[in-house]
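Trainee: Here you go, target15.txt (compact mmCIF, C-alpha atoms):
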```
# COMPACT_ATOMS: atom_id res chain seq x y z
CA MET A 1 24.68 -2.81 8.87
CA ARG A 2 26.70 0.26 7.98
CA ARG A 3 27.48 0.91 11.65
CA GLY A 4 28.78 -2.67 11.81
CA GLY A 5 31.34 -1.93 9.11
CA TRP A 6 29.49 -3.12 6.00
CA ALA A 7 29.32 -1.03 2.84
CA ILE A 8 25.77 -0.55 1.56
CA HIS A 9 25.08 -0.08 -2.16
CA MET A 10 21.75 0.55 -3.87
CA VAL A 11 21.38 -1.07 -7.29
CA PRO A 12 18.03 0.19 -8.64
CA ALA A 13 18.42 -1.43 -12.07
CA LEU A 14 19.23 -4.96 -10.85
CA ASP A 15 17.45 -7.49 -13.09
CA GLY A 16 16.01 -10.89 -12.30
CA SER A 17 13.77 -10.05 -9.34
CA TYR A 18 10.02 -9.66 -9.74
CA GLU A 19 7.14 -8.68 -7.49
CA GLU A 20 3.55 -8.06 -8.48
CA SER A 21 2.10 -4.76 -7.37
CA PRO A 22 -1.15 -4.76 -5.37
CA PRO A 23 -3.99 -4.64 -7.93
CA THR A 24 -6.21 -2.00 -6.30
CA LEU A 25 -5.87 1.22 -4.34
CA THR A 26 -7.39 -0.54 -1.34
CA ASP A 27 -4.68 -3.21 -1.40
CA VAL A 28 -2.01 -0.53 -1.84
CA ALA A 29 -3.43 1.25 1.24
CA ILE A 30 -3.20 -1.96 3.32
CA ARG A 31 0.48 -2.34 2.45
CA ASP A 32 1.12 1.39 2.83
CA ARG A 33 -0.32 1.35 6.36
CA ARG A 34 2.38 -1.13 7.44
CA TRP A 35 5.10 0.89 5.71
CA CYS A 36 3.82 4.06 7.37
CA GLN A 37 4.09 2.55 10.84
CA GLY A 38 7.56 1.18 10.13
CA ASN A 39 8.87 4.51 8.88
CA LEU A 40 7.37 6.53 11.73
CA GLN A 41 8.96 4.15 14.24
CA HIS A 42 12.35 5.26 12.91
CA VAL A 43 11.88 8.51 14.85
CA LYS A 44 13.06 6.56 17.90
CA VAL A 45 16.09 5.25 16.01
CA LEU A 46 17.35 8.62 14.70
CA PRO A 47 19.14 9.64 17.96
CA THR A 48 21.01 6.30 18.14
CA ARG A 49 24.75 6.76 18.54
CA GLY A 50 27.11 5.59 15.85
CA LEU A 51 24.76 5.91 12.88
CA HIS A 52 26.26 7.36 9.71
CA TRP A 53 24.68 10.61 8.57
CA ILE A 54 23.48 9.00 5.34
CA SER A 55 21.61 6.37 7.38
CA ARG A 56 19.88 9.10 9.35
CA MET A 57 19.02 10.86 6.10
CA HIS A 58 17.43 7.68 4.70
CA MET A 59 15.23 7.44 7.79
CA VAL A 60 14.28 11.12 7.59
CA VAL A 61 13.28 10.67 3.95
CA GLY A 62 11.13 7.68 4.86
CA ILE A 63 9.46 9.58 7.69
CA GLY A 64 8.92 12.60 5.46
CA ALA A 65 7.23 10.48 2.82
CA TYR A 66 4.28 10.06 5.20
CA VAL A 67 4.43 13.26 7.28
CA THR A 68 4.04 15.32 4.10
CA SER A 69 0.49 14.05 3.58
CA PRO A 70 -0.98 15.61 6.76
CA LEU A 71 1.14 18.72 6.09
CA TRP A 72 -0.36 19.03 2.61
CA LEU A 73 -3.86 18.72 4.08
CA VAL A 74 -3.05 21.37 6.71
CA PHE A 75 -1.77 23.74 4.00
CA LEU A 76 -4.95 23.26 1.97
CA LEU A 77 -7.24 23.91 4.91
CA THR A 78 -5.12 26.83 6.15
CA GLY A 79 -5.16 28.45 2.72
CA ILE A 80 -8.94 28.26 2.55
CA LEU A 81 -9.32 29.63 6.10
CA ILE A 82 -6.95 32.54 5.43
CA SER A 83 -8.74 33.37 2.19
CA LEU A 84 -12.08 33.07 3.97
CA GLN A 85 -10.89 35.47 6.67
CA ALA A 86 -9.75 37.98 4.06
CA HIS A 87 -13.10 37.61 2.29
CA PHE A 88 -15.18 38.57 5.34
CA GLN A 89 -12.76 40.82 7.23
CA ARG A 90 -11.95 44.21 5.73
CA PRO A 91 -8.21 45.02 5.67
CA GLU A 92 -6.89 47.76 7.96
CA TYR A 93 -5.05 50.19 5.71
CA PHE A 94 -4.16 52.49 8.64
CA GLY A 95 -3.51 51.12 12.09
CA ASP A 96 -3.47 52.89 15.43
CA THR A 97 -0.10 54.51 14.68
CA LYS A 98 0.11 57.53 12.40
CA THR A 99 1.76 56.83 9.06
CA LEU A 100 2.01 58.52 5.69
CA TYR A 101 1.44 55.30 3.73
CA PRO A 102 -1.30 52.68 4.00
CA HIS A 103 -0.64 49.04 4.90
CA TRP A 104 -1.56 47.31 1.65
CA PRO A 105 -2.50 43.60 1.82
CA HIS A 106 0.53 41.69 0.59
CA VAL A 107 -0.35 39.59 -2.44
CA ASP A 108 2.47 38.62 -4.78
CA PRO A 109 1.21 36.70 -7.84
CA VAL A 110 4.73 36.56 -9.29
CA GLN A 111 6.08 34.65 -6.29
CA ALA A 112 3.03 32.39 -6.36
CA LYS A 113 3.72 31.65 -10.03
CA TYR A 114 7.35 30.78 -9.26
CA VAL A 115 6.26 28.47 -6.44
CA PHE A 116 3.86 26.71 -8.82
CA ILE A 117 6.52 26.32 -11.53
CA GLY A 118 9.04 25.02 -9.01
CA THR A 119 6.53 22.51 -7.65
CA MET A 120 5.75 21.21 -11.14
CA LEU A 121 9.48 20.83 -11.87
CA VAL A 122 10.02 18.82 -8.67
CA LEU A 123 7.07 16.57 -9.51
CA LEU A 124 7.60 16.09 -13.25
CA ALA A 125 11.38 16.25 -13.70
CA PRO A 126 11.95 12.63 -12.52
CA LYS A 127 9.33 11.39 -14.99
CA MET A 128 10.90 13.33 -17.85
CA LEU A 129 14.40 12.12 -17.01
CA ALA A 130 13.13 8.54 -16.77
CA TYR A 131 11.48 8.92 -20.18
CA VAL A 132 14.73 10.21 -21.70
CA ALA A 133 16.61 7.25 -20.22
CA LEU A 134 13.94 4.91 -21.61
CA VAL A 135 14.18 6.37 -25.12
CA LEU A 136 17.97 6.00 -25.07
CA ASP A 137 17.70 2.29 -24.15
CA PRO A 138 16.56 0.36 -27.26
CA ALA A 139 15.54 -2.81 -25.41
CA ALA A 140 13.53 -0.94 -22.75
CA ARG A 141 12.00 1.31 -25.41
CA ARG A 142 10.75 -1.66 -27.43
CA GLY A 143 9.55 -3.40 -24.28
CA CYS A 144 7.41 -0.40 -23.33
CA GLY A 145 5.74 -0.22 -26.75
CA GLY A 146 8.03 2.30 -28.44
CA ALA A 147 8.81 5.95 -27.80
CA VAL A 148 5.38 7.28 -28.80
CA ARG A 149 3.34 4.79 -26.76
CA ALA A 150 5.72 5.26 -23.83
CA ALA A 151 5.12 9.02 -24.00
CA PHE A 152 1.35 8.48 -23.89
CA SER A 153 1.88 6.03 -21.02
CA VAL A 154 3.80 8.69 -19.06
CA LEU A 155 0.98 11.17 -19.74
CA ALA A 156 -1.71 8.67 -18.66
CA GLU A 157 0.21 7.72 -15.51
CA THR A 158 0.72 11.40 -14.64
CA LEU A 159 -2.98 12.17 -14.98
CA ILE A 160 -4.08 9.09 -13.03
CA GLY A 161 -1.42 9.68 -10.38
CA GLY A 162 -2.49 13.32 -10.02
CA LEU A 163 -6.10 12.28 -9.43
CA VAL A 164 -5.14 9.54 -6.98
CA ALA A 165 -2.74 11.80 -5.03
CA PRO A 166 -5.40 13.59 -2.90
CA ILE A 167 -7.02 10.23 -2.07
CA ALA A 168 -3.64 8.88 -0.99
CA MET A 169 -3.15 12.08 1.03
CA LEU A 170 -6.26 11.37 3.11
CA ILE A 171 -5.44 7.66 3.44
CA GLN A 172 -1.91 8.40 4.67
CA THR A 173 -3.11 11.19 6.95
CA SER A 174 -5.59 8.79 8.52
CA GLY A 175 -2.79 6.24 8.93
CA VAL A 176 -0.43 8.74 10.56
CA LEU A 177 -3.11 9.88 13.03
CA SER A 178 -4.01 6.26 13.80
CA ILE A 179 -0.38 5.35 14.49
CA LEU A 180 0.25 8.43 16.64
CA SER A 181 -2.83 7.54 18.69
CA GLY A 182 -1.31 4.12 19.45
CA HIS A 183 -3.15 1.80 17.02
CA ASP A 184 -0.98 -1.03 15.69
CA SER A 185 -1.35 -1.83 12.00
CA GLY A 186 -0.80 -5.55 12.55
CA TRP A 187 0.11 -7.53 9.45
CA ASN A 188 -2.93 -7.38 7.20
CA THR A 189 -1.98 -8.98 3.91
CA GLN A 190 -3.01 -7.56 0.56
CA ARG A 191 -3.81 -9.35 -2.66
CA ARG A 192 -1.31 -9.70 -5.47
CA ASP A 193 -3.55 -11.34 -8.08
CA ASP A 194 -5.75 -9.16 -10.24
CA GLY A 195 -9.42 -8.71 -9.46
CA GLY A 196 -11.78 -5.85 -8.84
CA ILE A 197 -13.67 -4.77 -5.73
CA PRO A 198 -17.49 -4.89 -5.44
CA LEU A 199 -18.93 -1.44 -6.11
CA MET A 200 -20.76 -1.23 -2.79
CA ASP A 201 -17.49 -1.94 -0.94
CA ILE A 202 -15.87 0.94 -2.83
CA VAL A 203 -18.78 3.22 -1.93
CA ARG A 204 -18.46 2.31 1.76
CA GLN A 205 -14.69 2.79 1.80
CA TYR A 206 -14.38 5.95 -0.31
CA GLY A 207 -17.74 7.69 0.11
CA ARG A 208 -16.29 9.83 2.91
CA PHE A 209 -13.57 11.07 0.55
CA THR A 210 -16.24 12.19 -1.92
CA LEU A 211 -18.10 14.05 0.83
CA PHE A 212 -14.88 15.69 2.01
CA GLY A 213 -14.10 16.79 -1.56
CA LEU A 214 -17.57 18.32 -1.93
CA ALA A 215 -17.20 20.18 1.38
CA LEU A 216 -13.72 21.39 0.44
CA GLY A 217 -14.95 22.56 -2.95
CA ALA A 218 -17.91 24.39 -1.42
CA GLY A 219 -15.59 26.18 1.00
CA ALA A 220 -13.25 27.20 -1.82
CA TRP A 221 -16.16 28.46 -3.95
CA VAL A 222 -17.50 30.57 -1.08
CA VAL A 223 -14.09 32.20 -0.75
CA SER A 224 -13.45 32.80 -4.42
CA PRO A 225 -14.21 31.09 -7.76
CA SER A 226 -10.56 31.56 -8.73
CA LEU A 227 -9.47 29.62 -5.62
CA PHE A 228 -11.99 26.93 -6.52
CA PHE A 229 -10.50 26.51 -10.01
CA TRP A 230 -6.94 26.48 -8.61
CA MET A 231 -7.97 23.60 -6.36
CA MET A 232 -9.67 21.64 -9.13
CA PRO A 233 -6.90 18.98 -9.43
CA VAL A 234 -7.36 18.10 -5.74
CA LEU A 235 -11.14 18.38 -5.80
CA LEU A 236 -11.58 16.20 -8.92
CA GLY A 237 -9.64 13.30 -7.38
CA LEU A 238 -11.66 13.44 -4.16
CA VAL A 239 -15.12 14.00 -5.66
CA PHE A 240 -14.65 11.21 -8.22
CA SER A 241 -12.79 8.86 -5.86
CA ILE A 242 -15.42 6.10 -6.18
CA PRO A 243 -15.37 5.77 -10.01
CA LEU A 244 -11.60 6.37 -10.02
CA VAL A 245 -10.96 3.47 -7.62
CA ALA A 246 -13.42 1.27 -9.55
CA LEU A 247 -11.73 1.96 -12.89
CA THR A 248 -8.17 1.52 -11.63
CA SER A 249 -9.21 -1.76 -9.96
CA SER A 250 -10.86 -3.13 -13.10
CA ARG A 251 -9.19 -6.00 -14.95
CA ALA A 252 -11.09 -5.09 -18.12
CA VAL A 253 -9.76 -1.53 -18.10
CA GLY A 254 -6.24 -2.80 -17.54
CA LEU A 255 -6.55 -5.19 -20.50
CA ASP A 256 -7.85 -2.32 -22.67
CA PHE A 257 -4.73 -0.31 -21.84
CA ARG A 258 -2.60 -3.33 -22.66
CA ARG A 259 -4.28 -3.87 -26.02
CA ALA A 260 -3.67 -0.20 -26.80
CA GLY A 261 0.01 -0.69 -25.98
CA LEU A 262 -0.09 1.68 -23.00
CA LEU A 263 1.35 1.32 -19.50
CA LEU A 264 3.44 -1.65 -20.65
CA VAL A 265 6.62 -2.99 -19.07
CA PRO A 266 9.20 -5.15 -20.89
CA GLU A 267 8.21 -8.22 -18.82
CA GLU A 268 4.78 -8.08 -20.51
CA THR A 269 5.91 -7.70 -24.12
CA ALA A 270 8.93 -10.06 -23.88
CA PRO A 271 8.65 -12.16 -20.71
CA PRO A 272 11.99 -13.61 -19.51
CA PRO A 273 12.30 -17.41 -19.30
CA VAL A 274 11.89 -17.52 -15.51
CA LEU A 275 8.48 -15.81 -15.73
CA ASN A 276 7.39 -18.17 -18.52
CA LEU A 277 8.32 -21.13 -16.31
CA LEU A 278 6.38 -19.60 -13.41
CA GLU A 279 3.28 -19.10 -15.58
CA LYS A 280 3.48 -22.70 -16.85
CA ALA A 281 3.86 -24.03 -13.30
CA GLN A 282 0.85 -22.01 -12.16
CA SER A 283 -1.21 -23.30 -15.12
CA ASP A 284 -0.22 -26.89 -14.38
CA GLU A 285 -1.10 -26.43 -10.71
CA GLN A 286 -4.47 -24.94 -11.61
CA ALA A 287 -5.20 -27.82 -13.99
CA GLN A 288 -4.28 -30.34 -11.31
CA GLU A 289 -6.55 -28.60 -8.80
CA ASN A 290 -9.42 -28.70 -11.29
CA THR A 291 -9.03 -32.45 -11.85
CA SER A 292 -8.30 -33.45 -8.23
CA PRO A 293 -10.91 -33.49 -5.49
CA ALA A 294 -10.74 -30.34 -3.42
CA LEU A 295 -9.40 -30.69 0.10
CA PRO A 296 -11.22 -29.08 3.03
CA ASP A 297 -10.13 -25.55 3.95
CA ASP A 298 -9.47 -26.58 7.57
CA GLY A 299 -5.99 -28.05 8.07
CA VAL A 300 -7.15 -30.74 10.52
CA LYS A 301 -9.86 -32.00 8.20
CA ALA A 302 -7.46 -31.87 5.23
CA LEU A 303 -5.03 -34.17 7.02
CA ARG A 304 -7.81 -36.65 7.76
CA ALA A 305 -9.08 -36.51 4.17
CA ASP A 306 -5.71 -37.18 2.47
CA ALA A 307 -3.47 -39.95 3.80
CA THR A 308 -0.55 -38.86 1.57
CA LEU A 309 -0.74 -35.33 2.93
CA ALA A 310 -0.84 -36.69 6.49
CA ARG A 311 2.26 -38.84 5.93
CA ALA A 312 4.13 -35.91 4.35
CA HIS A 313 3.13 -33.67 7.27
CA LEU A 314 4.33 -36.21 9.84
CA ALA A 315 7.62 -36.66 7.99
CA MET A 316 8.38 -32.92 8.12
CA LEU A 317 7.64 -32.46 11.83
CA PRO A 318 10.55 -31.55 14.14
CA PRO A 319 11.94 -34.22 16.50
CA PRO A 320 10.05 -34.82 19.76
CA ARG A 321 10.74 -32.53 22.68
CA LYS A 322 13.56 -33.59 25.00
CA ALA A 323 13.94 -32.88 28.70
CA GLY A 324 15.19 -29.36 29.20
CA ASP A 325 13.74 -28.00 25.97
CA ALA A 326 11.52 -24.93 26.09
CA ILE A 327 7.92 -25.67 27.06
CA ASN A 328 5.11 -24.55 24.74
CA PRO A 329 2.05 -23.88 26.95
CA ASP A 330 -0.35 -23.88 23.97
CA GLN A 331 0.97 -27.28 22.93
CA LEU A 332 0.59 -28.79 26.38
CA VAL A 333 -2.93 -27.45 26.86
CA GLY A 334 -3.88 -28.50 23.33
CA LEU A 335 -2.67 -32.07 23.86
CA VAL A 336 -4.63 -32.32 27.13
CA LYS A 337 -7.79 -31.08 25.40
CA LEU A 338 -7.26 -33.57 22.56
CA GLY A 339 -6.85 -36.42 25.05
CA GLU A 340 -10.11 -35.48 26.79
CA ALA A 341 -12.12 -34.97 23.58
CA ALA A 342 -14.41 -37.85 22.64
CA THR A 343 -14.81 -36.75 19.00
CA LEU A 344 -13.05 -34.54 16.48
CA THR A 345 -15.99 -32.12 16.58
CA ASN A 346 -15.55 -31.68 20.32
CA ALA A 347 -11.79 -31.21 19.91
CA LEU A 348 -12.19 -28.48 17.26
CA ARG A 349 -14.74 -26.72 19.45
CA VAL A 350 -12.49 -26.52 22.52
CA LEU A 351 -9.14 -25.88 20.82
CA SER A 352 -8.11 -22.25 20.36
CA PRO A 353 -6.39 -21.33 17.04
CA LYS A 354 -2.97 -21.18 18.76
CA GLU A 355 -3.53 -24.54 20.47
CA LYS A 356 -4.64 -26.17 17.23
CA ALA A 357 -1.53 -24.88 15.43
CA ALA A 358 0.66 -26.11 18.30
CA VAL A 359 -0.72 -29.66 18.38
CA LEU A 360 -0.42 -29.92 14.61
CA GLY A 361 3.31 -29.40 15.15
CA THR A 362 3.66 -32.63 17.16
CA ALA A 363 3.44 -36.24 16.03
CA GLN A 364 1.39 -37.12 19.12
CA GLY A 365 -1.17 -34.42 18.33
CA VAL A 366 -1.45 -35.39 14.66
CA GLU A 367 -1.81 -39.10 15.44
CA THR A 368 -4.54 -38.32 17.98
CA ILE A 369 -6.38 -36.15 15.44
CA LEU A 370 -6.17 -38.83 12.76
CA HIS A 371 -7.67 -41.50 15.03
CA LEU A 372 -10.43 -39.49 16.71
CA PRO A 373 -13.95 -40.37 15.55
CA ASP A 374 -15.90 -37.65 13.78
```
For the file at hand, write its structure as structure tokens.

Mentor:
Amino acid sequence: MRRGGWAIHMVPALDGSYEESPPTLTDVAIRDRRWCQGNLQHVKVLPTRGLHWISRMHMVVGIGAYVTSPLWLVFLLTGILISLQAHFQRPEYFGDTKTLYPHWPHVDPVQAKYVFIGTMLVLLAPKMLAYVALVLDPAARRGCGGAVRAAFSVLAETLIGGLVAPIAMLIQTSGVLSILSGHDSGWNTQRRDDGGIPLMDIVRQYGRFTLFGLALGAGAWVVSPSLFFWMMPVLLGLVFSIPLVALTSSRAVGLDFRRAGLLLVPEETAPPPVLNLLEKAQSDEQAQENTSPALPDDGVKALRADATLARAHLAMLPPPRKAGDAINPDQLVGLVKLGEAATLTNALRVLSPKEKAAVLGTAQGVETILHLPD
């Protein structure tokens, strides 16, 4: 768009638009897998002529958001291997050349401390600045439960996010490797409504992360107990991935946080009118579904079960195909199969999903379906 002459502006604080976050880490991972593939595909777009440098930078940032996960994993494993090598291999203080001074192993704890402090600043400074902005905004401060509760919310989110980070690292690393090996993510949808995951499903999905955390911790302990304790933030998230995913997916735990006034957003404490209307419409729809007979899950059977639905469907169909229009092979084959089927059961057995969808898009196909015997 920018290359076409349009000016692009980001408005992060624009009000009036709402989207529910996926309720579990598993659902977040499903969405993240699609985003990962989309961002990595931008590698092919970067060399395109005529792109503004800021557009290239946006793509590089998006790519880096996922490439950093395998890099982090490589750094962890490399650090353990280097420490393990130093543990079992004696240093050579004097090499083959004659020298007056020994070659001391280079270990600089001061530089390591500065790297740690710098990393913490990069990670925590945005949270602290966001908290300051929140405190200075009276409406947002009240909506988040007040300054004190908001501070505890920031602390809770930081702790939970720190524990989830190594799990996300392995999930994203797996996604990057899968994409680079040529596996398409498809378009697997994730839930938006709340609801937990059965415990056995969590064990099957995240048990390998627990095993990897135990192996990583054992390797660090063999090298040095001090290295083991330095790696504790990563190891805790991996080893306790199963209970962590279960707790963060739990509706009851979420309601407990809400009752305590933690992790609140203004839309929860003072919902805007449009969200109140949405909630009322959803309640009315649910009440109507509870009082009305349930329609079959299959679209063909639903049309046959409800004459009003069938009439509405026929009224919304596009006009019939005219000579010269594009030919839909699935539609033609589906109509032939419908014409040869003696019963609806036979028709549903021979129609492929694409053919069934195609014939439902024509008045001839719908009329044939409605008049076929069961």

Trainee: My list of candidates is A:Leu211, A:Leu278, A:Val234, A:Met59. Which is closest to Tyr18 in chain A when distances are computed with only C-alpha atoms?

Mentor: A:Leu278

Trainee: Of the candidates A:Leu155, A:Ala112, A:Ala342, A:Leu136, which shows the shortest atom-to-atom distance to Leu124 in chain A, using all atoms listed in the file?

Mentor: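 Ranked by minimum distance to Leu124 in chain A, first place goes to A:Leu155.
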
Trainee: Which value, in Å to one decimal, gives the distance between CA of Thr345 in chain A and CA of Leu314 in chain A?

Mentor: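 It comes out at 21.8 Å.
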
Trainee: In Å, with one decimal, what is the gap from CA of Thr343 in chain A to CA of Val366 in chain A?

Mentor: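 Between these atoms lies a distance of 14.1 Å.
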
Trainee: Report, in Å with one decimal, the straight-line distance from CA of Phe209 in chain A to CA of Leu235 in chain A.

Mentor: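 Pair CA of Phe209 in chain A / CA of Leu235 in chain A returns 10.0 Å.
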
Trainee: Mind checking which residues fall within 12 Å of Ala357 in chain A, counting all atoms listed in the file, ignoring those fewer than 4 positions away in the same chain, and posting them as a CSV table (one decimal) with C-alpha atoms, in the coordinates of the input?

Mentor:
```
chain,number,residue,atom,x,y,z
A,298,ASP,CA,-9.5,-26.6,7.6
A,299,GLY,CA,-6.0,-28.0,8.1
A,300,VAL,CA,-7.2,-30.7,10.5
A,328,ASN,CA,5.1,-24.6,24.7
A,330,ASP,CA,-0.4,-23.9,24.0
A,331,GLN,CA,1.0,-27.3,22.9
A,332,LEU,CA,0.6,-28.8,26.4
A,333,VAL,CA,-2.9,-27.4,26.9
A,334,GLY,CA,-3.9,-28.5,23.3
A,335,LEU,CA,-2.7,-32.1,23.9
A,348,LEU,CA,-12.2,-28.5,17.3
A,351,LEU,CA,-9.1,-25.9,20.8
A,352,SER,CA,-8.1,-22.2,20.4
A,353,PRO,CA,-6.4,-21.3,17.0
A,361,GLY,CA,3.3,-29.4,15.2
A,362,THR,CA,3.7,-32.6,17.2
A,365,GLY,CA,-1.2,-34.4,18.3
A,366,VAL,CA,-1.4,-35.4,14.7
```

Trainee: Nearest to Pro23 in chain A: which of A:Ala130, A:Ile171, A:Ala125, A:Val245 is it, counting only C-alpha atoms?

Mentor: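 Closest residue, counting only C-alpha atoms: A:Val245.
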
Trainee: Name the residues in contact with Trp221 in chain A at a cut-off of 12 Å, using all atoms listed in the file, excluding same-chain residues fewer than 3 positions from it; report them as a list of chain:residue names.

Mentor: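 Final neighbour list, sorted by chain and number: A:Ile80, A:Ser83, A:Leu84, A:His87, A:Leu214, A:Ala215, A:Leu216, A:Gly217, A:Ala218, A:Ser224, A:Pro225, A:Ser226, A:Leu227, A:Phe228, A:Phe229, A:Trp230, A:Met231, A:Met232, A:Leu235.
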
Trainee: Write out as a VMD selection string which residues come within 9 Å of Cys144 in chain A when counting all atoms listed in the file, dropping same-chain ones fewer than 3 positions away.

Mentor: chain A and resid 134 139 to 141 147 149 to 150 153 261 to 266 268 to 269

Trainee: Measuring between all atoms listed in the file, which one of A:His313, A:Arg2, A:Lys44, A:Arg56 shows the shortest distance to Leu360 in chain A?

Mentor: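 With all atoms listed in the file as the atom set, the closest residue is A:His313.
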
Trainee: Around range 112-117 of chain A, fit a box with edges along x, y and z, padding it by 8 Å on each side, then list its centre and edge lengths in Å to one decimal as AutoDock Vina command-line options.

Mentor:
```
--center_x 5.2 --center_y 29.4 --center_z -8.9 --size_x 20.3 --size_y 22.1 --size_z 21.2
```

Trainee: Can you work out which one of A:Val223, A:Val135, A:Leu177, A:Leu255 has the shortest atom-to-atom distance to Phe88 in chain A, counting all atoms listed in the file?

Mentor: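 Closest to Phe88 in chain A of all the choices is A:Val223.
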
Trainee: Name the residues within 12 Å of (10.1, 12.4, 7.7), counting all atoms listed in the file in the file's coordinates, and put them as a short mmCIF file (atom, residue, chain, number, x, y, z; two decimals) with C-alpha atoms, in the frame of the given file.

Mentor:
```cif
data_model
loop_
_atom_site.label_atom_id
_atom_site.label_comp_id
_atom_site.auth_asym_id
_atom_site.auth_seq_id
_atom_site.Cartn_x
_atom_site.Cartn_y
_atom_site.Cartn_z
CA CYS A 36 3.82 4.06 7.37
CA GLN A 37 4.09 2.55 10.84
CA GLY A 38 7.56 1.18 10.13
CA ASN A 39 8.87 4.51 8.88
CA LEU A 40 7.37 6.53 11.73
CA GLN A 41 8.96 4.15 14.24
CA HIS A 42 12.35 5.26 12.91
CA VAL A 43 11.88 8.51 14.85
CA LEU A 46 17.35 8.62 14.70
CA ARG A 56 19.88 9.10 9.35
CA MET A 57 19.02 10.86 6.10
CA HIS A 58 17.43 7.68 4.70
CA MET A 59 15.23 7.44 7.79
CA VAL A 60 14.28 11.12 7.59
CA VAL A 61 13.28 10.67 3.95
CA GLY A 62 11.13 7.68 4.86
CA ILE A 63 9.46 9.58 7.69
CA GLY A 64 8.92 12.60 5.46
CA ALA A 65 7.23 10.48 2.82
CA TYR A 66 4.28 10.06 5.20
CA VAL A 67 4.43 13.26 7.28
CA THR A 68 4.04 15.32 4.10
CA SER A 69 0.49 14.05 3.58
CA PRO A 70 -0.98 15.61 6.76
CA LEU A 71 1.14 18.72 6.09
CA VAL A 176 -0.43 8.74 10.56
#
```

Trainee: Pick out the closest residue to Ala347 in chain A from this set: A:Thr78, A:Thr368, A:Thr210, A:Thr158. Count only C-alpha atoms.

Mentor: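 Looking at the shortest contact to Ala347 in chain A, the residue is A:Thr368.
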